[in-house]
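Reproduced below: model39.txt, with compact mmCIF, C-alpha atoms.
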```txt
# COMPACT_ATOMS: atom_id res chain seq x y z
CA MET K 1 104.24 75.30 31.57
CA THR K 2 103.81 78.01 34.21
CA MET K 3 106.65 80.09 35.61
CA GLU K 4 106.01 78.56 39.07
CA ILE K 5 106.49 74.99 37.75
CA ASP K 6 109.60 76.04 35.82
CA CYS K 7 110.96 77.71 38.95
CA LYS K 8 110.51 74.62 41.11
CA SER K 9 111.99 72.40 38.44
CA LEU K 10 115.06 74.58 37.97
CA ILE K 11 115.60 74.81 41.73
CA ASN K 12 115.52 71.01 41.96
CA GLU K 13 118.00 70.73 39.10
CA ASN K 14 120.38 73.15 40.81
CA ARG K 15 119.69 72.10 44.41
CA ASP K 16 123.21 70.80 45.12
CA SER K 17 124.98 73.80 43.62
CA PHE K 18 122.68 76.22 45.49
CA ILE K 19 123.36 74.50 48.81
CA ASP K 20 127.08 74.41 48.03
CA PHE K 21 127.06 78.19 47.39
CA LEU K 22 125.44 78.82 50.77
CA SER K 23 127.94 76.46 52.41
CA GLN K 24 130.83 78.45 50.88
CA MET K 25 129.39 81.66 52.31
CA ILE K 26 129.06 80.11 55.78
CA GLN K 27 132.65 78.83 55.60
CA ALA K 28 133.87 82.38 55.01
CA ASP K 29 134.72 83.99 58.36
CA THR K 30 132.83 87.31 58.38
CA GLN K 31 132.69 87.97 62.11
CA VAL K 32 132.54 91.54 63.39
CA LEU K 33 134.95 92.40 66.19
CA ASP K 34 133.63 94.23 69.24
CA GLN K 35 130.46 95.06 67.27
CA GLY K 36 132.46 96.84 64.58
CA ILE K 37 134.63 98.98 66.84
CA GLY K 38 137.50 96.55 66.30
CA GLY K 39 136.74 96.08 62.61
CA GLY K 40 135.53 92.89 60.99
CA ASN K 41 136.28 90.06 58.59
CA GLU K 42 133.43 90.71 56.15
CA ASN K 43 135.69 90.93 53.11
CA ASN K 44 136.19 87.16 53.24
CA GLY K 45 132.55 86.77 52.28
CA GLN K 46 132.35 89.84 50.08
CA LYS K 47 134.88 88.31 47.71
CA ILE K 48 132.47 85.42 47.11
CA VAL K 49 129.51 87.78 46.63
CA LYS K 50 131.44 90.02 44.25
CA GLN K 51 132.62 87.12 42.10
CA LYS K 52 129.13 85.63 41.84
CA LEU K 53 127.43 88.92 40.98
CA SER K 54 130.14 89.65 38.40
CA GLU K 55 129.49 86.27 36.77
CA LEU K 56 125.81 87.24 36.56
CA ASN K 57 126.74 90.49 34.74
CA PHE K 58 125.85 92.81 37.59
CA LEU K 59 127.59 96.18 37.65
CA ILE K 60 129.68 96.16 40.84
CA ASP K 61 130.07 99.06 43.25
CA GLU K 62 132.57 98.38 46.06
CA PHE K 63 133.02 100.98 48.79
CA GLU K 64 133.84 101.29 52.49
CA VAL K 65 131.81 103.05 55.17
CA ASP K 66 132.91 106.66 55.71
CA ASP K 67 132.13 108.10 59.16
CA GLU K 68 131.99 111.66 57.87
CA LYS K 69 129.35 110.74 55.30
CA ILE K 70 127.07 108.75 57.61
CA ARG K 71 127.39 111.17 60.52
CA LYS K 72 124.14 112.85 59.46
CA PHE K 73 122.05 109.77 60.21
CA PRO K 74 120.51 109.48 63.70
CA GLY K 75 121.89 106.35 65.28
CA ALA K 76 125.06 106.29 63.16
CA ASN K 77 127.73 104.31 64.99
CA LEU K 78 130.88 106.35 64.59
CA GLY K 79 134.42 105.34 65.43
CA HIS K 80 134.28 101.86 63.94
CA LYS K 81 137.27 100.45 62.08
CA ASN K 82 136.05 100.56 58.48
CA VAL K 83 139.21 99.76 56.51
CA ALA K 84 139.06 96.60 54.38
CA ARG K 85 135.36 96.11 55.12
CA PRO K 86 133.66 97.04 51.84
CA ASN K 87 130.01 97.01 50.92
CA ILE K 88 129.32 95.17 47.67
CA VAL K 89 126.40 96.47 45.64
CA GLY K 90 125.48 94.91 42.32
CA ARG K 91 123.07 96.46 39.82
CA LEU K 92 121.41 94.55 36.99
CA LYS K 93 120.14 97.25 34.67
CA GLY K 94 116.58 96.87 33.43
CA THR K 95 115.37 97.55 29.92
CA GLY K 96 113.18 100.39 31.19
CA GLY K 97 109.56 100.94 32.10
CA GLY K 98 109.50 98.72 35.19
CA LYS K 99 109.86 99.17 38.93
CA SER K 100 113.27 98.98 40.58
CA LEU K 101 113.96 96.67 43.53
CA ILE K 102 116.63 96.54 46.24
CA LEU K 103 117.45 93.22 47.89
CA ASN K 104 119.38 93.99 51.07
CA GLY K 105 121.26 91.55 53.27
CA HIS K 106 124.18 91.76 55.69
CA ILE K 107 127.25 89.57 55.30
CA ASP K 108 128.61 90.11 58.82
CA THR K 109 127.99 87.82 61.78
CA MET K 110 128.49 88.07 65.50
CA PRO K 111 131.45 86.06 66.93
CA TYR K 112 130.85 82.35 67.48
CA GLY K 113 132.17 82.32 71.06
CA ASN K 114 133.52 79.05 72.41
CA LYS K 115 134.02 76.76 69.41
CA ALA K 116 134.11 73.70 71.69
CA GLN K 117 130.44 74.21 72.57
CA TRP K 118 129.35 73.79 68.93
CA LYS K 119 128.17 70.43 67.61
CA TYR K 120 130.00 71.16 64.34
CA ASP K 121 132.69 73.68 63.54
CA PRO K 122 130.86 77.06 63.33
CA LEU K 123 132.57 77.74 59.97
CA SER K 124 131.91 74.27 58.52
CA GLY K 125 128.64 74.76 56.63
CA MET K 126 127.92 71.17 57.68
CA ILE K 127 124.77 69.54 56.29
CA ASN K 128 122.77 67.07 58.35
CA LYS K 129 119.50 65.91 56.77
CA ASN K 130 117.44 69.06 56.16
CA GLU K 131 119.65 71.40 58.21
CA ILE K 132 122.74 73.37 57.23
CA TYR K 133 124.80 74.35 60.27
CA GLY K 134 127.17 77.22 60.84
CA LEU K 135 127.65 80.78 61.96
CA GLY K 136 125.40 83.09 59.94
CA ALA K 137 123.35 80.30 58.35
CA THR K 138 120.17 81.98 59.59
CA ASP K 139 121.46 85.47 60.40
CA MET K 140 121.56 86.06 57.51
CA LYS K 141 123.66 84.35 54.89
CA GLY K 142 120.75 82.08 53.97
CA SER K 143 118.62 84.99 52.78
CA LEU K 144 121.54 86.81 51.19
CA ALA K 145 122.50 83.69 49.25
CA ALA K 146 118.85 83.23 48.22
CA MET K 147 118.80 86.79 46.84
CA ILE K 148 121.88 86.15 44.73
CA LEU K 149 120.67 82.74 43.56
CA ALA K 150 117.28 84.21 42.64
CA ALA K 151 119.17 86.56 40.34
CA GLU K 152 121.00 83.54 38.92
CA MET K 153 117.62 81.93 38.22
CA ILE K 154 116.49 85.06 36.40
CA ARG K 155 119.60 84.80 34.23
CA LYS K 156 119.09 81.06 33.62
CA PHE K 157 115.54 81.76 32.47
CA ASP K 158 117.00 84.43 30.13
CA ILE K 159 114.44 86.89 31.49
CA LYS K 160 114.95 90.56 30.69
CA LEU K 161 113.75 92.66 33.61
CA LYS K 162 112.25 96.07 32.92
CA GLY K 163 113.20 97.54 36.29
CA ASP K 164 116.67 97.63 37.84
CA LEU K 165 117.53 94.86 40.29
CA ILE K 166 119.97 95.98 43.02
CA ILE K 167 121.55 93.53 45.45
CA GLN K 168 123.23 95.04 48.51
CA SER K 169 125.60 92.89 50.56
CA VAL K 170 126.33 95.19 53.47
CA VAL K 171 128.82 95.21 56.35
CA ASP K 172 128.57 96.20 60.01
CA GLU K 173 124.87 95.51 60.46
CA GLU K 174 125.65 93.80 63.74
CA GLY K 175 127.47 96.98 64.74
CA GLY K 176 124.33 99.07 64.27
CA GLY K 177 123.65 99.27 60.54
CA ASN K 178 126.45 101.46 59.20
CA GLY K 179 126.71 99.48 55.95
CA THR K 180 123.16 100.21 54.83
CA MET K 181 123.51 103.84 55.96
CA ALA K 182 126.51 104.09 53.62
CA CYS K 183 124.40 102.68 50.76
CA VAL K 184 121.66 105.25 51.34
CA GLU K 185 124.21 108.05 51.63
CA ARG K 186 125.70 106.93 48.31
CA GLY K 187 122.33 107.53 46.68
CA TYR K 188 120.84 104.06 46.43
CA SER K 189 117.04 104.02 46.42
CA ALA K 190 114.36 102.11 44.56
CA ASP K 191 110.63 101.68 44.09
CA GLY K 192 110.75 98.90 46.68
CA ALA K 193 113.12 96.94 48.89
CA ILE K 194 113.27 93.63 50.72
CA VAL K 195 115.46 93.15 53.78
CA GLY K 196 116.23 89.45 54.21
CA GLU K 197 116.34 89.15 58.00
CA PRO K 198 115.13 85.71 59.15
CA THR K 199 111.32 85.68 59.34
CA GLN K 200 110.49 81.97 58.63
CA LEU K 201 109.07 83.18 55.27
CA HIS K 202 106.59 85.42 57.12
CA LEU K 203 106.02 88.86 55.64
CA GLN K 204 106.94 91.63 58.07
CA THR K 205 105.84 95.18 57.35
CA ALA K 206 106.80 96.97 60.58
CA HIS K 207 109.32 96.90 63.38
CA MET K 208 109.81 98.61 66.71
CA GLY K 209 111.97 101.66 67.27
CA PHE K 210 114.49 101.61 70.08
CA LEU K 211 116.26 104.04 72.38
CA PHE K 212 119.15 103.27 74.73
CA HIS K 213 119.36 105.60 77.75
CA GLU K 214 122.21 105.97 80.21
CA ILE K 215 121.18 107.49 83.55
CA THR K 216 123.85 108.41 86.10
CA VAL K 217 122.87 109.29 89.68
CA ILE K 218 125.18 110.61 92.38
CA GLY K 219 124.85 109.93 96.11
CA LYS K 220 126.92 110.51 99.24
CA SER K 221 129.43 107.89 100.43
CA LEU K 222 129.69 106.87 104.05
CA HIS K 223 130.37 103.77 106.12
CA SER K 224 127.23 101.64 106.10
CA SER K 225 127.09 101.69 109.92
CA GLN K 226 125.94 105.31 109.58
CA LEU K 227 124.03 105.01 106.32
CA TRP K 228 121.40 107.54 107.47
CA GLU K 229 124.06 110.22 107.13
CA GLY K 230 124.78 109.23 103.52
CA VAL K 231 122.72 109.03 100.32
CA ASN K 232 122.48 105.68 98.53
CA ALA K 233 122.81 106.33 94.80
CA ILE K 234 121.43 102.88 93.97
CA ASP K 235 118.27 103.56 95.98
CA LYS K 236 117.81 106.89 94.21
CA SER K 237 118.36 105.24 90.82
CA LEU K 238 115.72 102.62 91.53
CA LYS K 239 113.26 105.41 92.31
CA ILE K 240 113.76 106.67 88.76
CA TYR K 241 113.55 103.15 87.37
CA GLN K 242 110.25 102.48 89.12
CA ALA K 243 108.86 105.67 87.58
CA LEU K 244 109.94 104.41 84.14
CA LYS K 245 108.24 101.06 84.78
CA GLU K 246 105.04 102.95 85.61
CA LEU K 247 105.38 104.72 82.26
CA GLU K 248 105.80 101.31 80.63
CA ARG K 249 102.61 100.04 82.30
CA ASN K 250 100.75 103.07 80.99
CA TRP K 251 102.08 102.44 77.48
CA LEU K 252 101.02 98.79 77.61
CA MET K 253 97.48 99.87 78.49
CA THR K 254 97.16 102.66 75.94
CA ARG K 255 99.52 101.96 73.01
CA LYS K 256 98.35 99.15 70.74
CA HIS K 257 99.57 97.99 67.34
CA PRO K 258 97.98 95.23 65.24
CA LEU K 259 101.33 93.63 64.28
CA LEU K 260 103.66 94.42 67.17
CA PRO K 261 103.95 93.72 70.91
CA GLY K 262 103.49 96.51 73.41
CA PRO K 263 106.19 99.12 74.14
CA THR K 264 108.71 98.05 76.79
CA ILE K 265 111.50 99.50 78.93
CA ASN K 266 114.27 97.11 79.98
CA LEU K 267 116.85 97.78 82.67
CA GLY K 268 119.82 95.98 81.14
CA VAL K 269 122.72 97.26 83.24
CA ILE K 270 122.96 98.74 86.74
CA GLU K 271 126.39 99.54 88.19
CA GLY K 272 127.13 101.13 91.52
CA GLY K 273 128.95 100.77 94.79
CA VAL K 274 132.32 99.38 95.81
CA ALA K 275 131.54 97.20 98.85
CA GLY K 276 128.71 96.09 101.09
CA SER K 277 130.05 98.28 103.87
CA VAL K 278 130.00 101.48 101.82
CA VAL K 279 127.00 103.61 100.95
CA PRO K 280 127.34 103.98 97.15
CA ASN K 281 127.91 107.50 95.87
CA LEU K 282 127.41 106.69 92.18
CA CYS K 283 125.05 104.50 90.17
CA THR K 284 124.65 104.14 86.41
CA MET K 285 121.68 102.49 84.73
CA LYS K 286 121.45 101.54 81.05
CA THR K 287 118.00 100.92 79.64
CA CYS K 288 116.59 99.94 76.26
CA LEU K 289 113.05 100.90 75.33
CA HIS K 290 111.10 99.78 72.27
CA PHE K 291 108.33 101.89 70.79
CA HIS K 292 105.76 101.60 67.99
CA PRO K 293 105.77 103.27 64.61
CA GLU K 294 102.89 105.69 64.12
CA LEU K 295 101.67 105.96 60.55
CA ASN K 296 99.92 109.26 61.27
CA GLU K 297 103.17 110.84 62.49
CA SER K 298 106.58 111.46 60.99
CA LYS K 299 109.42 109.28 62.25
CA GLU K 300 110.94 112.31 63.99
CA THR K 301 107.65 113.21 65.69
CA THR K 302 107.16 109.68 67.06
CA ARG K 303 110.73 109.47 68.29
CA ASP K 304 110.62 112.94 69.87
CA ARG K 305 107.32 112.22 71.60
CA VAL K 306 108.78 109.09 73.22
CA VAL K 307 111.93 110.97 74.25
CA ASP K 308 109.82 113.73 75.80
CA GLU K 309 107.69 111.23 77.73
CA VAL K 310 110.77 109.57 79.19
CA ALA K 311 112.32 112.92 80.06
CA ARG K 312 109.12 114.12 81.72
CA THR K 313 108.82 110.90 83.74
CA ILE K 314 112.38 111.24 85.03
CA GLU K 315 111.81 114.92 85.75
CA LEU K 316 108.74 114.18 87.89
CA ALA K 317 110.62 111.49 89.83
CA VAL K 318 113.48 113.92 90.45
CA GLU K 319 111.17 116.74 91.50
CA SER K 320 109.58 114.52 94.15
CA ASP K 321 112.91 113.77 95.83
CA PRO K 322 114.78 116.55 97.72
CA TRP K 323 118.23 115.03 97.07
CA LEU K 324 117.69 114.39 93.35
CA LYS K 325 116.14 117.83 92.92
CA ILE K 326 119.41 119.41 94.06
CA ASN K 327 121.68 116.75 92.54
CA GLN K 328 120.21 116.29 89.08
CA PRO K 329 120.96 112.94 87.38
CA LYS K 330 122.76 112.90 84.04
CA VAL K 331 120.61 111.42 81.26
CA SER K 332 121.81 110.69 77.73
CA ILE K 333 120.80 108.63 74.67
CA TYR K 334 123.75 106.61 73.44
CA GLN K 335 122.13 104.53 70.67
CA GLU K 336 118.85 104.63 68.81
CA GLY K 337 116.90 103.46 65.81
CA PHE K 338 113.64 104.72 64.35
CA ALA K 339 110.54 102.58 64.19
CA PHE K 340 109.46 101.49 60.73
CA GLU K 341 106.19 100.60 59.00
CA THR K 342 104.93 100.15 55.46
CA PRO K 343 101.12 100.30 55.20
CA LEU K 344 99.40 96.98 54.54
CA ASP K 345 97.65 98.41 51.47
CA HIS K 346 100.92 99.51 49.85
CA PRO K 347 101.50 97.84 46.44
CA LEU K 348 104.81 96.37 47.67
CA VAL K 349 103.04 94.58 50.51
CA GLN K 350 100.11 93.48 48.37
CA LYS K 351 102.27 92.09 45.57
CA MET K 352 104.40 90.14 48.01
CA LYS K 353 101.27 88.80 49.68
CA HIS K 354 100.01 87.58 46.32
CA THR K 355 103.37 85.93 45.66
CA LEU K 356 103.31 84.18 49.02
CA ASP K 357 99.71 83.09 48.46
CA ASP K 358 100.86 81.40 45.23
CA VAL K 359 103.92 79.69 46.73
CA LEU K 360 102.99 78.89 50.35
CA GLU K 361 100.09 77.07 51.93
CA ASN K 362 99.62 79.81 54.51
CA THR K 363 100.65 83.48 54.29
CA ILE K 364 101.50 85.16 57.59
CA ILE K 365 101.84 88.94 57.91
CA GLU K 366 103.36 90.25 61.14
CA GLY K 367 105.75 92.77 62.68
CA MET K 368 109.32 92.42 63.96
CA PRO K 369 109.69 93.03 67.70
CA ALA K 370 113.30 94.14 67.23
CA GLY K 371 114.74 96.46 64.58
CA CYS K 372 116.80 96.10 61.40
CA ASP K 373 118.07 97.96 58.33
CA ALA K 374 114.53 98.32 56.97
CA ARG K 375 114.25 101.54 58.97
CA THR K 376 117.22 103.08 57.15
CA LEU K 377 116.02 102.19 53.65
CA ALA K 378 112.49 103.40 54.39
CA SER K 379 113.19 106.45 56.55
CA PHE K 380 116.25 107.89 54.83
CA GLY K 381 116.40 106.11 51.47
CA ASN K 382 112.78 106.99 50.58
CA THR K 383 112.30 103.36 49.58
CA PRO K 384 109.15 101.43 50.58
CA THR K 385 110.46 98.35 52.38
CA ILE K 386 109.36 94.95 53.65
CA ILE K 387 111.19 92.24 55.60
CA LEU K 388 111.19 88.63 54.40
CA GLY K 389 113.77 85.90 54.82
CA CYS K 390 114.40 82.29 55.74
CA GLY K 391 115.23 80.89 59.15
CA ASN K 392 113.90 81.13 62.68
CA PRO K 393 114.96 84.33 64.52
CA GLN K 394 115.55 82.20 67.62
CA GLN K 395 118.55 80.73 65.77
CA CYS K 396 120.27 84.14 65.67
CA HIS K 397 123.40 84.67 67.80
CA CYS K 398 123.28 81.18 69.27
CA ILE K 399 125.40 78.04 69.47
CA ASP K 400 124.66 75.44 66.73
CA GLU K 401 122.97 78.00 64.50
CA ALA K 402 121.18 76.12 61.72
CA LEU K 403 118.86 76.75 58.79
CA PRO K 404 116.25 74.42 57.22
CA ILE K 405 117.41 73.74 53.65
CA ASP K 406 113.91 73.38 52.24
CA GLU K 407 113.03 76.84 53.62
CA PHE K 408 116.14 78.30 51.98
CA LEU K 409 115.18 76.78 48.62
CA LYS K 410 111.59 77.94 49.00
CA LEU K 411 112.82 81.49 49.60
CA ILE K 412 114.70 81.41 46.28
CA GLU K 413 111.42 80.55 44.58
CA ILE K 414 109.60 83.37 46.38
CA TYR K 415 112.26 85.92 45.47
CA VAL K 416 112.25 84.85 41.81
CA GLN K 417 108.48 85.08 41.53
CA PHE K 418 108.41 88.47 43.23
CA ILE K 419 111.27 89.95 41.18
CA ILE K 420 109.47 89.02 37.98
CA THR K 421 106.17 90.45 39.20
CA TRP K 422 107.60 93.65 40.66
CA CYS K 423 110.24 94.59 38.10
CA GLY K 424 108.26 93.42 35.07
CA THR K 425 109.70 91.59 32.07
CA ASP K 426 110.01 91.91 28.33
CA ARG K 427 109.09 88.23 27.98
```
Could I get this structure in the form of structure tokens?
Amino acid sequence: MTMEIDCKSLINENRDSFIDFLSQMIQADTQVLDQGIGGGNENNGQKIVKQKLSELNFLIDEFEVDDEKIRKFPGANLGHKNVARPNIVGRLKGTGGGKSLILNGHIDTMPYGNKAQWKYDPLSGMINKNEIYGLGATDMKGSLAAMILAAEMIRKFDIKLKGDLIIQSVVDEEGGGNGTMACVERGYSADGAIVGEPTQLHLQTAHMGFLFHEITVIGKSLHSSQLWEGVNAIDKSLKIYQALKELERNWLMTRKHPLLPGPTINLGVIEGGVAGSVVPNLCTMKTCLHFHPELNESKETTRDRVVDEVARTIELAVESDPWLKINQPKVSIYQEGFAFETPLDHPLVQKMKHTLDDVLENTIIEGMPAGCDARTLASFGNTPTIILGCGNPQQCHCIDEALPIDEFLKLIEIYVQFIITWCGTDR
């Protein structure tokens, strides 16, 4: 009997208990408050994770995020309320001679909003046919539960892994990724890692980097009946924005990536003015741009090149305007994340592809248009990383979030097969 047949059979035998475990995790309120600034309820779920990993004989490391320790990471989100929001990391020691593996998933969720708009209670873990409903079902308690249950399968098979298996249940991902930064700062690294963000079982080997800019422009207030004597700060801001959109058009023509969409610049917030009868003397724009990883450049070089291009574009727009030239706008970066990519020929990618080829009818390799904790593990944890999880990303942060149960169970099988292949066994 092959390992694949055994795996499917054991999953079918334990189907109800596996679904019940996921339902328990969904029922645990793990919402972040004000994207981590106001704290979070993650410990409700971490208690479940800790108990389960302890039962599976994992060595448990429980620790909170420390601002002073993660301050060194670009994009660290400081000032969050970290008390009573612990990371839970479990390590199953290998017998030696194999490759180590990190399975990384976040326990926190965004708030559910207006409960009355949900078909079922967002903390119900309700099951309807092939769907399990609830906050975090897709993002990403389904994948995190699958990681833990894959480890349970390894134990049920009485398989002795050669390499260490490390499961990280992290906090504050929705607040910017502080939980995984704390894991890297604590010294966790491995020969490979999987981040379980929802990918519909597609293998993702790259994601975009992102930069949030705040641009503040001053004008000159006056009654609108004499607007020619004033300076409209909104008009001046839009001049800068149009220059940035021209930069975006240039990027879309010249920057290509086989797995990712083109680079973009989004104007997400524009604030200015007090009344229709007043020429506005202040305008603030907040933008988010996404950029490609470049395998032939370091992460710092790629990021710095993009920053320089944006700065130069704004500078040229300012130089062409007499008012802006004298009254320089204030430009700052208030949040950022590096781009990430693992080469397609890397052993981690190739072994996962082989696993997917064995389990699925069709293997899809792609990139993630957003960003996730893969960048932290790869860029700062020196750990080759891929992204693979269950659920449709369109179900993230939405009312009536739901996850296909058969996809969740299939992911358990994929994780089990890959753990055995990657870590190696004594059996």
Computed interatomic separation between CA of Val231 (chain K) and CA of Leu289 (chain K) (Å):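 So the two atoms, CA of Val231 (chain K) and CA of Leu289 (chain K), lie 28.0 Å apart.
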Would you give me, as a tab-separated table, each residue of region 106-188 of chain K having an atom within 6 Å of an atom of region 391-400 of chain K, along with its shortest atom pair and that distance in Å to one decimal, using only C-alpha atoms and sorting by chain and residue number?
```
residue	atom	partner	partner_atom	distance
K:Trp118	CA	K:Asp400	CA	5.4
K:Thr138	CA	K:Gly391	CA	5.1
K:Asp139	CA	K:Cys396	CA	5.6
```
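Residue nearest Gly113 (chain K), chosen from K:Leu33, K:Gly96, K:Glu131, K:Pro263 and counting only C-alpha atoms: K:Leu33.
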Counting only C-alpha atoms, the residue of K:Ala233, K:Val279, K:Met181, K:Ala339 that sits nearest Thr301 (chain K):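 Looking at the shortest contact to Thr301 (chain K), the residue is K:Ala339.
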K:Val65, K:Ile127, K:Cys390, K:Leu10 ranked by distance to Leu144 (chain K), top pick (using only C-alpha atoms): K:Cys390
Residues of region 300-415 of chain K that approach region 214-228 of chain K to 6 Å or less, counting all atoms listed in the file: could you list each one with the shortest pair of atoms and its distance in Å to one decimal, rows by chain and increasing residue number, as CSV?
```
residue,atom,partner,partner_atom,distance
K:Pro329,CA,K:Val217,CA,4.7
K:Lys330,CA,K:Thr216,CA,5.1
K:Val331,CA,K:Ile215,CA,4.6
K:Ser332,CA,K:Glu214,CA,5.3
```
